[in-house]
Amino acid sequence: MKFFIDTAVVEEIREVHSWGVLSGVTTNPSLVVASGRNFHEVIKEIAQLVGGSISAEVTALETKEMVAQGKVLAALHPAVVVKVPLTPAGLGACAALRAEGIRVNVTLCFSVNQAMLAARAGASYISPFVGRIDDINGNGIELVREIAEVYALHDIETEVLAASLRHPRHVTEAALAGAQVSTLPYKVFKQMISHPLTDKGLDQFMQDWAKGSSKQAK
Ligand code: G3P
């Protein structure tokens with residue numbers, strides 16, 4: 001499973017990218033506003049830094065405007081993937097952008113039927129929102145599993161990009177459910193890497209080495 005980071009904060013992206021684990025970045029209008037940066041400038045900077053797949057979301061409700069915005073976003077950098085919402089207008093925009101060779105991530109997916117429609121419209125990625133389904137007492141991971149199963153059954157190439165993952169267990173479960181990609185906030189990356197026994201073990205190794213290293217040097 002590939003990892004994307006779900007943020008528009010360049011310092012966070014730079015840090016996790018330095019671990020050698022990032023295949024892309026996802027942003028949305030809320031995250032771009034939270035970054036305090038100019039939308040196009042920040043997307044270009046992120047794309048140059050990470051490459052891979054950089055999702056940049058349209059902020060329009062009609063197909064024509066979504067397509068126009070999508071073309072501008074795609075022209076910023078070859079790594080840009082245009083993100084559109086899972087609405088009739090969004091599906092229309094997805095099909096039109098795909099016809100121009102532009103990759104599309106269809107977002108705000110909450111059902112298998114929506115995911116099948118997005119695949120038909122030519123989506124490169126479908127983004128089921130796991131945490132937001134859990135928020136209303138549903139089972140977000142089950143949705144990821146069902147989409148992955150239907151896509152596999154019908155040889156659909158659209159990649160399942162598990163989004164709205166809120167904690168490390170979500171990540172493990174998304175991988176087990178068959179997601180090809182998970183996008184995670186910076187905080188979840190930090191939680192994933194952290195283990196008290198890793199810290200304890202390393203501390204012990206360093207202490208032992210400091211005690212005996214003078215002999216090693218001779
Ligand atoms: O990628 C979608 C993500 O940003 C939504 O996460 O936690 O706001 O539901 P959340």
# chains A, B, ... in the order shown; residues from 1 in each chain; ligands from 1

call {"tool": "residues_around", "arguments": {"residues": "Glu45 of chain A", "least_positions_apart": "4", "cutoff": "8 Å", "atoms": "only C-alpha atoms", "output": "compact mmCIF listing (two decimals) with all heavy atoms, in the first residue's frame"}}
result
# COMPACT_ATOMS: atom_id res chain seq x y z
N VAL A 10 3.89 22.56 4.00
CA VAL A 10 5.09 22.06 3.34
C VAL A 10 6.10 21.47 4.34
O VAL A 10 6.75 20.46 4.05
CB VAL A 10 5.74 23.17 2.47
CG1 VAL A 10 7.07 22.71 1.89
CG2 VAL A 10 4.79 23.57 1.35
N GLU A 41 0.54 28.34 -5.68
CA GLU A 41 1.96 28.34 -5.29
C GLU A 41 2.29 27.12 -4.43
O GLU A 41 3.31 26.47 -4.62
CB GLU A 41 2.29 29.61 -4.49
CG GLU A 41 2.61 30.80 -5.36
CD GLU A 41 2.78 32.07 -4.54
OE1 GLU A 41 3.03 31.96 -3.31
OE2 GLU A 41 2.64 33.16 -5.13
N LEU A 49 8.56 19.12 -4.81
CA LEU A 49 9.21 18.44 -3.69
C LEU A 49 9.01 16.93 -3.72
O LEU A 49 9.96 16.16 -3.56
CB LEU A 49 8.65 19.03 -2.38
CG LEU A 49 9.16 18.52 -1.06
CD1 LEU A 49 10.64 18.86 -0.91
CD2 LEU A 49 8.37 19.16 0.09

call {"tool": "residues_around", "arguments": {"residues": "segment 151-163 of chain A", "least_positions_apart": "2", "cutoff": "6 Å", "atoms": "only C-alpha atoms", "output": "NGL selection string"}}
result
:A and (119 or 123-129 or 148-149 or 165 or 179-183)

call {"tool": "write_last_selection", "arguments": {"atoms": "N, CA and C atoms", "output": "PDB file, in the first residue's frame"}}
result
ATOM      1  N   ALA A 119     -15.542   5.150 -11.098  1.00  0.00           N
ATOM      2  CA  ALA A 119     -14.653   4.319 -11.927  1.00  0.00           C
ATOM      3  C   ALA A 119     -15.080   4.395 -13.391  1.00  0.00           C
ATOM      4  N   ALA A 123     -12.115   7.735 -13.172  1.00  0.00           N
ATOM      5  CA  ALA A 123     -11.283   8.176 -12.039  1.00  0.00           C
ATOM      6  C   ALA A 123     -10.004   7.345 -11.923  1.00  0.00           C
ATOM      7  N   SER A 124      -8.897   8.012 -11.658  1.00  0.00           N
ATOM      8  CA  SER A 124      -7.661   7.287 -11.346  1.00  0.00           C
ATOM      9  C   SER A 124      -7.683   6.826  -9.889  1.00  0.00           C
ATOM     10  N   TYR A 125      -8.317   7.632  -9.027  1.00  0.00           N
ATOM     11  CA  TYR A 125      -8.431   7.295  -7.596  1.00  0.00           C
ATOM     12  C   TYR A 125      -9.865   7.532  -7.134  1.00  0.00           C
ATOM     13  N   ILE A 126     -10.321   6.682  -6.210  1.00  0.00           N
ATOM     14  CA  ILE A 126     -11.585   6.942  -5.510  1.00  0.00           C
ATOM     15  C   ILE A 126     -11.240   7.119  -4.023  1.00  0.00           C
ATOM     16  N   SER A 127     -11.801   8.162  -3.420  1.00  0.00           N
ATOM     17  CA  SER A 127     -11.462   8.461  -2.018  1.00  0.00           C
ATOM     18  C   SER A 127     -12.651   8.256  -1.078  1.00  0.00           C
ATOM     19  N   PRO A 128     -12.804   7.034  -0.515  1.00  0.00           N
ATOM     20  CA  PRO A 128     -13.806   6.842   0.541  1.00  0.00           C
ATOM     21  C   PRO A 128     -13.318   7.490   1.838  1.00  0.00           C
ATOM     22  N   PHE A 129     -14.221   8.201   2.519  1.00  0.00           N
ATOM     23  CA  PHE A 129     -13.882   8.942   3.744  1.00  0.00           C
ATOM     24  C   PHE A 129     -14.212   8.089   4.975  1.00  0.00           C
ATOM     25  N   ALA A 148     -12.954  -2.228  -2.705  1.00  0.00           N
ATOM     26  CA  ALA A 148     -11.785  -2.971  -3.204  1.00  0.00           C
ATOM     27  C   ALA A 148     -12.237  -4.309  -3.806  1.00  0.00           C
ATOM     28  N   GLU A 149     -13.219  -4.948  -3.167  1.00  0.00           N
ATOM     29  CA  GLU A 149     -13.706  -6.248  -3.639  1.00  0.00           C
ATOM     30  C   GLU A 149     -14.410  -6.100  -4.997  1.00  0.00           C
ATOM     31  N   LEU A 165      -8.569   9.115   7.390  1.00  0.00           N
ATOM     32  CA  LEU A 165      -8.050   8.137   8.361  1.00  0.00           C
ATOM     33  C   LEU A 165      -7.562   8.940   9.557  1.00  0.00           C
ATOM     34  N   ALA A 179      -7.046  -1.392   0.337  1.00  0.00           N
ATOM     35  CA  ALA A 179      -6.781  -0.061  -0.242  1.00  0.00           C
ATOM     36  C   ALA A 179      -5.398  -0.073  -0.889  1.00  0.00           C
ATOM     37  N   GLN A 180      -5.292   0.508  -2.078  1.00  0.00           N
ATOM     38  CA  GLN A 180      -3.970   0.602  -2.731  1.00  0.00           C
ATOM     39  C   GLN A 180      -3.166   1.772  -2.176  1.00  0.00           C
ATOM     40  N   VAL A 181      -3.901   2.770  -1.630  1.00  0.00           N
ATOM     41  CA  VAL A 181      -3.270   3.980  -1.099  1.00  0.00           C
ATOM     42  C   VAL A 181      -4.005   4.377   0.177  1.00  0.00           C
ATOM     43  N   SER A 182      -3.243   4.907   1.134  1.00  0.00           N
ATOM     44  CA  SER A 182      -3.866   5.555   2.288  1.00  0.00           C
ATOM     45  C   SER A 182      -3.317   6.957   2.379  1.00  0.00           C
ATOM     46  N   THR A 183      -4.192   7.922   2.629  1.00  0.00           N
ATOM     47  CA  THR A 183      -3.694   9.273   2.866  1.00  0.00           C
ATOM     48  C   THR A 183      -3.910   9.624   4.326  1.00  0.00           C
TER      49      THR A 183
END

call {"tool": "residues_near_ligand", "arguments": {"ligand": "ligand 1", "cutoff": "9 Å", "atoms": "only C-alpha atoms and all ligand atoms", "output": "PDB file with all heavy atoms, in the first residue's frame"}}
result
ATOM      1  N   ILE A   5       0.423  11.881   2.082  1.00  0.00           N
ATOM      2  CA  ILE A   5       0.169  12.696   3.278  1.00  0.00           C
ATOM      3  C   ILE A   5      -0.949  13.673   2.968  1.00  0.00           C
ATOM      4  O   ILE A   5      -1.014  14.234   1.871  1.00  0.00           O
ATOM      5  CB  ILE A   5       1.455  13.400   3.796  1.00  0.00           C
ATOM      6  CG1 ILE A   5       1.189  14.094   5.139  1.00  0.00           C
ATOM      7  CG2 ILE A   5       2.021  14.370   2.781  1.00  0.00           C
ATOM      8  CD1 ILE A   5       2.449  14.552   5.869  1.00  0.00           C
ATOM      9  N   ASP A   6      -1.843  13.851   3.942  1.00  0.00           N
ATOM     10  CA  ASP A   6      -3.050  14.663   3.757  1.00  0.00           C
ATOM     11  C   ASP A   6      -2.844  16.005   4.456  1.00  0.00           C
ATOM     12  O   ASP A   6      -3.261  16.190   5.606  1.00  0.00           O
ATOM     13  CB  ASP A   6      -4.234  13.893   4.372  1.00  0.00           C
ATOM     14  CG  ASP A   6      -5.588  14.438   3.945  1.00  0.00           C
ATOM     15  OD1 ASP A   6      -5.697  14.971   2.826  1.00  0.00           O
ATOM     16  OD2 ASP A   6      -6.548  14.309   4.738  1.00  0.00           O
ATOM     17  N   THR A   7      -2.182  16.917   3.763  1.00  0.00           N
ATOM     18  CA  THR A   7      -1.886  18.227   4.345  1.00  0.00           C
ATOM     19  C   THR A   7      -1.418  19.161   3.232  1.00  0.00           C
ATOM     20  O   THR A   7      -0.986  18.699   2.171  1.00  0.00           O
ATOM     21  CB  THR A   7      -0.763  18.120   5.411  1.00  0.00           C
ATOM     22  OG1 THR A   7      -0.518  19.423   5.970  1.00  0.00           O
ATOM     23  CG2 THR A   7       0.548  17.621   4.836  1.00  0.00           C
ATOM     24  N   THR A  26      -2.262  14.609  -0.645  1.00  0.00           N
ATOM     25  CA  THR A  26      -3.632  15.028  -0.941  1.00  0.00           C
ATOM     26  C   THR A  26      -3.893  16.336  -0.205  1.00  0.00           C
ATOM     27  O   THR A  26      -3.434  16.524   0.927  1.00  0.00           O
ATOM     28  CB  THR A  26      -4.674  13.977  -0.502  1.00  0.00           C
ATOM     29  OG1 THR A  26      -4.402  13.580   0.848  1.00  0.00           O
ATOM     30  CG2 THR A  26      -4.643  12.759  -1.400  1.00  0.00           C
ATOM     31  N   THR A  27      -4.617  17.217  -0.884  1.00  0.00           N
ATOM     32  CA  THR A  27      -5.040  18.457  -0.233  1.00  0.00           C
ATOM     33  C   THR A  27      -6.535  18.600  -0.490  1.00  0.00           C
ATOM     34  O   THR A  27      -7.097  17.900  -1.333  1.00  0.00           O
ATOM     35  CB  THR A  27      -4.319  19.686  -0.820  1.00  0.00           C
ATOM     36  OG1 THR A  27      -4.688  19.842  -2.192  1.00  0.00           O
ATOM     37  CG2 THR A  27      -2.802  19.551  -0.734  1.00  0.00           C
ATOM     38  N   ASN A  28      -7.159  19.468   0.246  1.00  0.00           N
ATOM     39  CA  ASN A  28      -8.549  19.847  -0.034  1.00  0.00           C
ATOM     40  C   ASN A  28      -8.670  21.323   0.307  1.00  0.00           C
ATOM     41  O   ASN A  28      -7.731  21.902   0.885  1.00  0.00           O
ATOM     42  CB  ASN A  28      -9.538  18.939   0.724  1.00  0.00           C
ATOM     43  CG  ASN A  28      -9.394  19.041   2.236  1.00  0.00           C
ATOM     44  OD1 ASN A  28      -9.180  20.120   2.776  1.00  0.00           O
ATOM     45  ND2 ASN A  28      -9.519  17.915   2.931  1.00  0.00           N
ATOM     46  N   SER A  30     -10.177  22.951   2.596  1.00  0.00           N
ATOM     47  CA  SER A  30     -10.009  23.253   4.031  1.00  0.00           C
ATOM     48  C   SER A  30      -8.525  23.230   4.405  1.00  0.00           C
ATOM     49  O   SER A  30      -8.037  24.097   5.148  1.00  0.00           O
ATOM     50  CB  SER A  30     -10.754  22.221   4.890  1.00  0.00           C
ATOM     51  OG  SER A  30     -12.075  22.052   4.450  1.00  0.00           O
ATOM     52  N   LEU A  31      -7.786  22.233   3.893  1.00  0.00           N
ATOM     53  CA  LEU A  31      -6.357  22.108   4.236  1.00  0.00           C
ATOM     54  C   LEU A  31      -5.541  23.247   3.622  1.00  0.00           C
ATOM     55  O   LEU A  31      -4.591  23.729   4.243  1.00  0.00           O
ATOM     56  CB  LEU A  31      -5.811  20.755   3.752  1.00  0.00           C
ATOM     57  CG  LEU A  31      -6.374  19.506   4.448  1.00  0.00           C
ATOM     58  CD1 LEU A  31      -5.894  18.230   3.742  1.00  0.00           C
ATOM     59  CD2 LEU A  31      -5.964  19.468   5.920  1.00  0.00           C
ATOM     60  N   THR A 107     -13.511  12.471  -4.913  1.00  0.00           N
ATOM     61  CA  THR A 107     -13.482  12.549  -3.452  1.00  0.00           C
ATOM     62  C   THR A 107     -14.892  12.613  -2.861  1.00  0.00           C
ATOM     63  O   THR A 107     -15.876  12.694  -3.594  1.00  0.00           O
ATOM     64  CB  THR A 107     -12.631  13.770  -3.030  1.00  0.00           C
ATOM     65  OG1 THR A 107     -12.428  13.726  -1.620  1.00  0.00           O
ATOM     66  CG2 THR A 107     -13.299  15.093  -3.391  1.00  0.00           C
ATOM     67  N   LEU A 108     -14.946  12.545  -1.538  1.00  0.00           N
ATOM     68  CA  LEU A 108     -16.233  12.562  -0.809  1.00  0.00           C
ATOM     69  C   LEU A 108     -17.087  11.363  -1.209  1.00  0.00           C
ATOM     70  O   LEU A 108     -18.283  11.488  -1.459  1.00  0.00           O
ATOM     71  CB  LEU A 108     -16.982  13.882  -1.048  1.00  0.00           C
ATOM     72  CG  LEU A 108     -16.348  15.116  -0.388  1.00  0.00           C
ATOM     73  CD1 LEU A 108     -16.968  16.412  -0.933  1.00  0.00           C
ATOM     74  CD2 LEU A 108     -16.489  15.080   1.129  1.00  0.00           C
ATOM     75  N   SER A 127     -11.801   8.162  -3.420  1.00  0.00           N
ATOM     76  CA  SER A 127     -11.462   8.461  -2.018  1.00  0.00           C
ATOM     77  C   SER A 127     -12.651   8.256  -1.078  1.00  0.00           C
ATOM     78  O   SER A 127     -13.449   9.178  -0.856  1.00  0.00           O
ATOM     79  CB  SER A 127     -10.981   9.909  -1.894  1.00  0.00           C
ATOM     80  OG  SER A 127      -9.731  10.083  -2.516  1.00  0.00           O
ATOM     81  N   PRO A 128     -12.804   7.034  -0.515  1.00  0.00           N
ATOM     82  CA  PRO A 128     -13.806   6.842   0.541  1.00  0.00           C
ATOM     83  C   PRO A 128     -13.318   7.490   1.838  1.00  0.00           C
ATOM     84  O   PRO A 128     -12.158   7.327   2.215  1.00  0.00           O
ATOM     85  CB  PRO A 128     -13.891   5.318   0.679  1.00  0.00           C
ATOM     86  CG  PRO A 128     -12.643   4.777   0.072  1.00  0.00           C
ATOM     87  CD  PRO A 128     -12.079   5.795  -0.851  1.00  0.00           C
ATOM     88  N   PHE A 129     -14.221   8.201   2.519  1.00  0.00           N
ATOM     89  CA  PHE A 129     -13.882   8.942   3.744  1.00  0.00           C
ATOM     90  C   PHE A 129     -14.212   8.089   4.975  1.00  0.00           C
ATOM     91  O   PHE A 129     -15.329   8.120   5.489  1.00  0.00           O
ATOM     92  CB  PHE A 129     -14.660  10.256   3.783  1.00  0.00           C
ATOM     93  CG  PHE A 129     -13.998  11.404   3.069  1.00  0.00           C
ATOM     94  CD1 PHE A 129     -13.202  11.193   1.957  1.00  0.00           C
ATOM     95  CD2 PHE A 129     -14.169  12.707   3.515  1.00  0.00           C
ATOM     96  CE1 PHE A 129     -12.587  12.258   1.292  1.00  0.00           C
ATOM     97  CE2 PHE A 129     -13.562  13.785   2.859  1.00  0.00           C
ATOM     98  CZ  PHE A 129     -12.779  13.560   1.749  1.00  0.00           C
ATOM     99  N   VAL A 130     -13.218   7.347   5.425  1.00  0.00           N
ATOM    100  CA  VAL A 130     -13.423   6.365   6.502  1.00  0.00           C
ATOM    101  C   VAL A 130     -13.887   7.018   7.807  1.00  0.00           C
ATOM    102  O   VAL A 130     -14.908   6.637   8.386  1.00  0.00           O
ATOM    103  CB  VAL A 130     -12.109   5.566   6.712  1.00  0.00           C
ATOM    104  CG1 VAL A 130     -12.204   4.667   7.939  1.00  0.00           C
ATOM    105  CG2 VAL A 130     -11.792   4.746   5.459  1.00  0.00           C
ATOM    106  N   GLY A 131     -13.145   7.992   8.288  1.00  0.00           N
ATOM    107  CA  GLY A 131     -13.451   8.595   9.597  1.00  0.00           C
ATOM    108  C   GLY A 131     -14.821   9.255   9.629  1.00  0.00           C
ATOM    109  O   GLY A 131     -15.534   9.168  10.637  1.00  0.00           O
ATOM    110  N   ARG A 132     -15.213   9.880   8.512  1.00  0.00           N
ATOM    111  CA  ARG A 132     -16.506  10.581   8.521  1.00  0.00           C
ATOM    112  C   ARG A 132     -17.675   9.594   8.531  1.00  0.00           C
ATOM    113  O   ARG A 132     -18.761   9.927   9.006  1.00  0.00           O
ATOM    114  CB  ARG A 132     -16.601  11.544   7.339  1.00  0.00           C
ATOM    115  CG  ARG A 132     -15.632  12.695   7.517  1.00  0.00           C
ATOM    116  CD  ARG A 132     -15.867  13.835   6.576  1.00  0.00           C
ATOM    117  NE  ARG A 132     -14.696  14.700   6.591  1.00  0.00           N
ATOM    118  CZ  ARG A 132     -14.603  15.846   5.938  1.00  0.00           C
ATOM    119  NH1 ARG A 132     -15.611  16.269   5.207  1.00  0.00           N
ATOM    120  NH2 ARG A 132     -13.507  16.572   6.000  1.00  0.00           N
ATOM    121  N   ILE A 133     -17.452   8.364   8.006  1.00  0.00           N
ATOM    122  CA  ILE A 133     -18.493   7.335   8.103  1.00  0.00           C
ATOM    123  C   ILE A 133     -18.559   6.822   9.544  1.00  0.00           C
ATOM    124  O   ILE A 133     -19.636   6.681  10.119  1.00  0.00           O
ATOM    125  CB  ILE A 133     -18.223   6.183   7.111  1.00  0.00           C
ATOM    126  CG1 ILE A 133     -18.379   6.712   5.682  1.00  0.00           C
ATOM    127  CG2 ILE A 133     -19.176   5.012   7.352  1.00  0.00           C
ATOM    128  CD1 ILE A 133     -18.084   5.695   4.606  1.00  0.00           C
ATOM    129  N   ASP A 135     -17.861   8.518  12.075  1.00  0.00           N
ATOM    130  CA  ASP A 135     -18.454   9.620  12.861  1.00  0.00           C
ATOM    131  C   ASP A 135     -19.972   9.508  12.971  1.00  0.00           C
ATOM    132  O   ASP A 135     -20.563   9.975  13.942  1.00  0.00           O
ATOM    133  CB  ASP A 135     -18.164  10.983  12.203  1.00  0.00           C
ATOM    134  CG  ASP A 135     -16.720  11.428  12.377  1.00  0.00           C
ATOM    135  OD1 ASP A 135     -16.014  10.862  13.232  1.00  0.00           O
ATOM    136  OD2 ASP A 135     -16.301  12.361  11.653  1.00  0.00           O
ATOM    137  N   LEU A 161      -8.233   4.859  -2.579  1.00  0.00           N
ATOM    138  CA  LEU A 161      -7.401   5.764  -1.771  1.00  0.00           C
ATOM    139  C   LEU A 161      -8.159   6.037  -0.467  1.00  0.00           C
ATOM    140  O   LEU A 161      -9.064   6.880  -0.435  1.00  0.00           O
ATOM    141  CB  LEU A 161      -7.185   7.064  -2.570  1.00  0.00           C
ATOM    142  CG  LEU A 161      -6.100   8.053  -2.196  1.00  0.00           C
ATOM    143  CD1 LEU A 161      -6.043   9.187  -3.212  1.00  0.00           C
ATOM    144  CD2 LEU A 161      -6.216   8.612  -0.810  1.00  0.00           C
ATOM    145  N   ALA A 162      -7.827   5.294   0.561  1.00  0.00           N
ATOM    146  CA  ALA A 162      -8.546   5.454   1.826  1.00  0.00           C
ATOM    147  C   ALA A 162      -8.197   6.813   2.428  1.00  0.00           C
ATOM    148  O   ALA A 162      -7.021   7.130   2.646  1.00  0.00           O
ATOM    149  CB  ALA A 162      -8.176   4.333   2.786  1.00  0.00           C
ATOM    150  N   ALA A 163      -9.245   7.627   2.682  1.00  0.00           N
ATOM    151  CA  ALA A 163      -9.041   8.983   3.199  1.00  0.00           C
ATOM    152  C   ALA A 163      -9.813   9.154   4.501  1.00  0.00           C
ATOM    153  O   ALA A 163     -10.549   8.262   4.916  1.00  0.00           O
ATOM    154  CB  ALA A 163      -9.517   9.991   2.158  1.00  0.00           C
ATOM    155  N   SER A 164      -9.595  10.312   5.121  1.00  0.00           N
ATOM    156  CA  SER A 164     -10.226  10.594   6.415  1.00  0.00           C
ATOM    157  C   SER A 164      -9.849   9.496   7.427  1.00  0.00           C
ATOM    158  O   SER A 164     -10.684   9.015   8.187  1.00  0.00           O
ATOM    159  CB  SER A 164     -11.746  10.709   6.244  1.00  0.00           C
ATOM    160  OG  SER A 164     -12.395  11.026   7.435  1.00  0.00           O
ATOM    161  N   LEU A 165      -8.569   9.115   7.390  1.00  0.00           N
ATOM    162  CA  LEU A 165      -8.050   8.137   8.361  1.00  0.00           C
ATOM    163  C   LEU A 165      -7.562   8.940   9.557  1.00  0.00           C
ATOM    164  O   LEU A 165      -6.790   9.880   9.407  1.00  0.00           O
ATOM    165  CB  LEU A 165      -6.912   7.312   7.743  1.00  0.00           C
ATOM    166  CG  LEU A 165      -7.283   6.515   6.487  1.00  0.00           C
ATOM    167  CD1 LEU A 165      -6.061   5.795   5.917  1.00  0.00           C
ATOM    168  CD2 LEU A 165      -8.395   5.504   6.783  1.00  0.00           C
ATOM    169  N   ARG A 166      -7.991   8.565  10.727  1.00  0.00           N
ATOM    170  CA  ARG A 166      -7.774   9.424  11.897  1.00  0.00           C
ATOM    171  C   ARG A 166      -6.749   8.888  12.892  1.00  0.00           C
ATOM    172  O   ARG A 166      -6.336   9.607  13.788  1.00  0.00           O
ATOM    173  CB  ARG A 166      -9.119   9.612  12.624  1.00  0.00           C
ATOM    174  CG  ARG A 166     -10.254  10.104  11.730  1.00  0.00           C
ATOM    175  CD  ARG A 166     -10.366  11.599  11.775  1.00  0.00           C
ATOM    176  NE  ARG A 166     -11.417  12.090  10.905  1.00  0.00           N
ATOM    177  CZ  ARG A 166     -12.733  12.049  11.202  1.00  0.00           C
ATOM    178  NH1 ARG A 166     -13.146  11.520  12.339  1.00  0.00           N
ATOM    179  NH2 ARG A 166     -13.603  12.541  10.348  1.00  0.00           N
ATOM    180  N   THR A 183      -4.192   7.922   2.629  1.00  0.00           N
ATOM    181  CA  THR A 183      -3.694   9.273   2.866  1.00  0.00           C
ATOM    182  C   THR A 183      -3.910   9.624   4.326  1.00  0.00           C
ATOM    183  O   THR A 183      -4.988   9.410   4.886  1.00  0.00           O
ATOM    184  CB  THR A 183      -4.331  10.314   1.908  1.00  0.00           C
ATOM    185  OG1 THR A 183      -3.617  11.548   2.070  1.00  0.00           O
ATOM    186  CG2 THR A 183      -5.814  10.534   2.123  1.00  0.00           C
ATOM    187  N   LEU A 184      -2.833  10.101   4.964  1.00  0.00           N
ATOM    188  CA  LEU A 184      -2.846  10.280   6.412  1.00  0.00           C
ATOM    189  C   LEU A 184      -2.405  11.670   6.810  1.00  0.00           C
ATOM    190  O   LEU A 184      -1.475  12.218   6.194  1.00  0.00           O
ATOM    191  CB  LEU A 184      -1.836   9.330   7.096  1.00  0.00           C
ATOM    192  CG  LEU A 184      -1.566   7.981   6.488  1.00  0.00           C
ATOM    193  CD1 LEU A 184      -0.445   7.313   7.235  1.00  0.00           C
ATOM    194  CD2 LEU A 184      -2.816   7.161   6.580  1.00  0.00           C
ATOM    195  N   PRO A 185      -3.009  12.204   7.877  1.00  0.00           N
ATOM    196  CA  PRO A 185      -2.481  13.450   8.410  1.00  0.00           C
ATOM    197  C   PRO A 185      -1.079  13.220   8.997  1.00  0.00           C
ATOM    198  O   PRO A 185      -0.735  12.087   9.375  1.00  0.00           O
ATOM    199  CB  PRO A 185      -3.458  13.820   9.525  1.00  0.00           C
ATOM    200  CG  PRO A 185      -4.619  12.901   9.401  1.00  0.00           C
ATOM    201  CD  PRO A 185      -4.159  11.706   8.625  1.00  0.00           C
TER     202      PRO A 185
END

call {"tool": "residues_around", "arguments": {"residues": "Ala89 of chain A", "least_positions_apart": "4", "cutoff": "7 Å", "atoms": "only C-alpha atoms", "output": "ChimeraX atom specification"}}
result
/A:61-63,93

call {"tool": "write_last_selection", "arguments": {"atoms": "N, CA and C atoms", "output": "PDB file, in the first residue's frame"}}
result
ATOM      1  N   LEU A  61     -18.963  24.175  -8.485  1.00  0.00           N
ATOM      2  CA  LEU A  61     -20.062  23.213  -8.358  1.00  0.00           C
ATOM      3  C   LEU A  61     -20.578  22.731  -9.709  1.00  0.00           C
ATOM      4  N   GLU A  62     -20.217  23.425 -10.780  1.00  0.00           N
ATOM      5  CA  GLU A  62     -20.695  23.048 -12.117  1.00  0.00           C
ATOM      6  C   GLU A  62     -19.564  22.423 -12.934  1.00  0.00           C
ATOM      7  N   THR A  63     -19.947  21.488 -13.824  1.00  0.00           N
ATOM      8  CA  THR A  63     -18.951  20.748 -14.605  1.00  0.00           C
ATOM      9  C   THR A  63     -17.997  21.666 -15.374  1.00  0.00           C
ATOM     10  N   ALA A  93     -17.156  16.210 -14.905  1.00  0.00           N
ATOM     11  CA  ALA A  93     -15.826  16.838 -14.981  1.00  0.00           C
ATOM     12  C   ALA A  93     -14.740  15.773 -15.038  1.00  0.00           C
TER      13      ALA A  93
END

call {"tool": "select_by_dssp", "arguments": {"residues": "segment 6-57 of chain A", "states": "strand (DSSP E or B)", "output": "list in words"}}
result
Asp6, Leu22, Ser23, Gly24, Val25, Thr26, Ser53, Ile54, Ser55, Ala56 and Glu57 of chain A

call {"tool": "write_last_selection", "arguments": {"atoms": "C-alpha atoms", "output": "compact mmCIF listing (two decimals), in the first residue's frame"}}
result
# COMPACT_ATOMS: atom_id res chain seq x y z
CA ASP A 6 -3.05 14.66 3.76
CA LEU A 22 5.80 9.17 0.48
CA SER A 23 4.22 8.48 -2.91
CA GLY A 24 2.05 11.58 -2.99
CA VAL A 25 0.08 14.29 -1.22
CA THR A 26 -3.63 15.03 -0.94
CA SER A 53 0.49 12.14 -7.22
CA ILE A 54 -0.44 15.54 -5.83
CA SER A 55 -4.20 15.97 -5.44
CA ALA A 56 -5.49 19.53 -5.87
CA GLU A 57 -9.23 20.05 -5.51

call {"tool": "select_by_dssp", "arguments": {"residues": "segment 105-201 of chain A", "states": "alpha helix (DSSP H)", "output": "PyMOL selection string"}}
result
chain A and resi 112-120+130-135+140-153+168-176+186-193+196-201

call {"tool": "atom_distance", "arguments": {"atom1": "atom CA of Ala75 of chain A", "atom2": "atom CA of Thr59 of chain A"}}
result
16.4 Å

call {"tool": "closest_residue", "arguments": {"among": "A:Gly70, A:Phe3, A:Leu176, A:Arg169", "to": "Gln191 of chain A", "atoms": "only C-alpha atoms"}}
result
A:Arg169

call {"tool": "residues_around", "arguments": {"residues": "His40 of chain A", "least_positions_apart": "4", "cutoff": "8 Å", "atoms": "only C-alpha atoms", "output": "number ranges by chain"}}
result
A: 44, 73, 76

call {"tool": "write_last_selection", "arguments": {"atoms": "all heavy atoms", "output": "PDB file, in the first residue's frame"}}
result
ATOM      1  N   LYS A  44       2.337  23.882  -6.501  1.00  0.00           N
ATOM      2  CA  LYS A  44       3.549  23.768  -7.319  1.00  0.00           C
ATOM      3  C   LYS A  44       4.749  23.362  -6.457  1.00  0.00           C
ATOM      4  O   LYS A  44       5.528  22.480  -6.820  1.00  0.00           O
ATOM      5  CB  LYS A  44       3.842  25.122  -7.984  1.00  0.00           C
ATOM      6  CG  LYS A  44       3.714  25.076  -9.499  1.00  0.00           C
ATOM      7  CD  LYS A  44       4.283  26.294 -10.170  1.00  0.00           C
ATOM      8  CE  LYS A  44       3.332  27.476 -10.080  1.00  0.00           C
ATOM      9  NZ  LYS A  44       3.748  28.650 -10.836  1.00  0.00           N
ATOM     10  N   LEU A  73      -5.130  23.653 -12.896  1.00  0.00           N
ATOM     11  CA  LEU A  73      -4.379  22.924 -11.854  1.00  0.00           C
ATOM     12  C   LEU A  73      -3.420  21.914 -12.485  1.00  0.00           C
ATOM     13  O   LEU A  73      -2.250  21.818 -12.099  1.00  0.00           O
ATOM     14  CB  LEU A  73      -5.351  22.208 -10.905  1.00  0.00           C
ATOM     15  CG  LEU A  73      -6.204  23.117 -10.011  1.00  0.00           C
ATOM     16  CD1 LEU A  73      -7.297  22.316  -9.307  1.00  0.00           C
ATOM     17  CD2 LEU A  73      -5.331  23.821  -8.986  1.00  0.00           C
ATOM     18  N   LEU A  76      -0.126  23.114 -13.718  1.00  0.00           N
ATOM     19  CA  LEU A  76       0.880  23.592 -12.751  1.00  0.00           C
ATOM     20  C   LEU A  76       2.107  22.677 -12.706  1.00  0.00           C
ATOM     21  O   LEU A  76       3.230  23.119 -12.536  1.00  0.00           O
ATOM     22  CB  LEU A  76       0.277  23.684 -11.344  1.00  0.00           C
ATOM     23  CG  LEU A  76      -0.817  24.736 -11.120  1.00  0.00           C
ATOM     24  CD1 LEU A  76      -1.410  24.591  -9.722  1.00  0.00           C
ATOM     25  CD2 LEU A  76      -0.255  26.150 -11.304  1.00  0.00           C
TER      26      LEU A  76
END
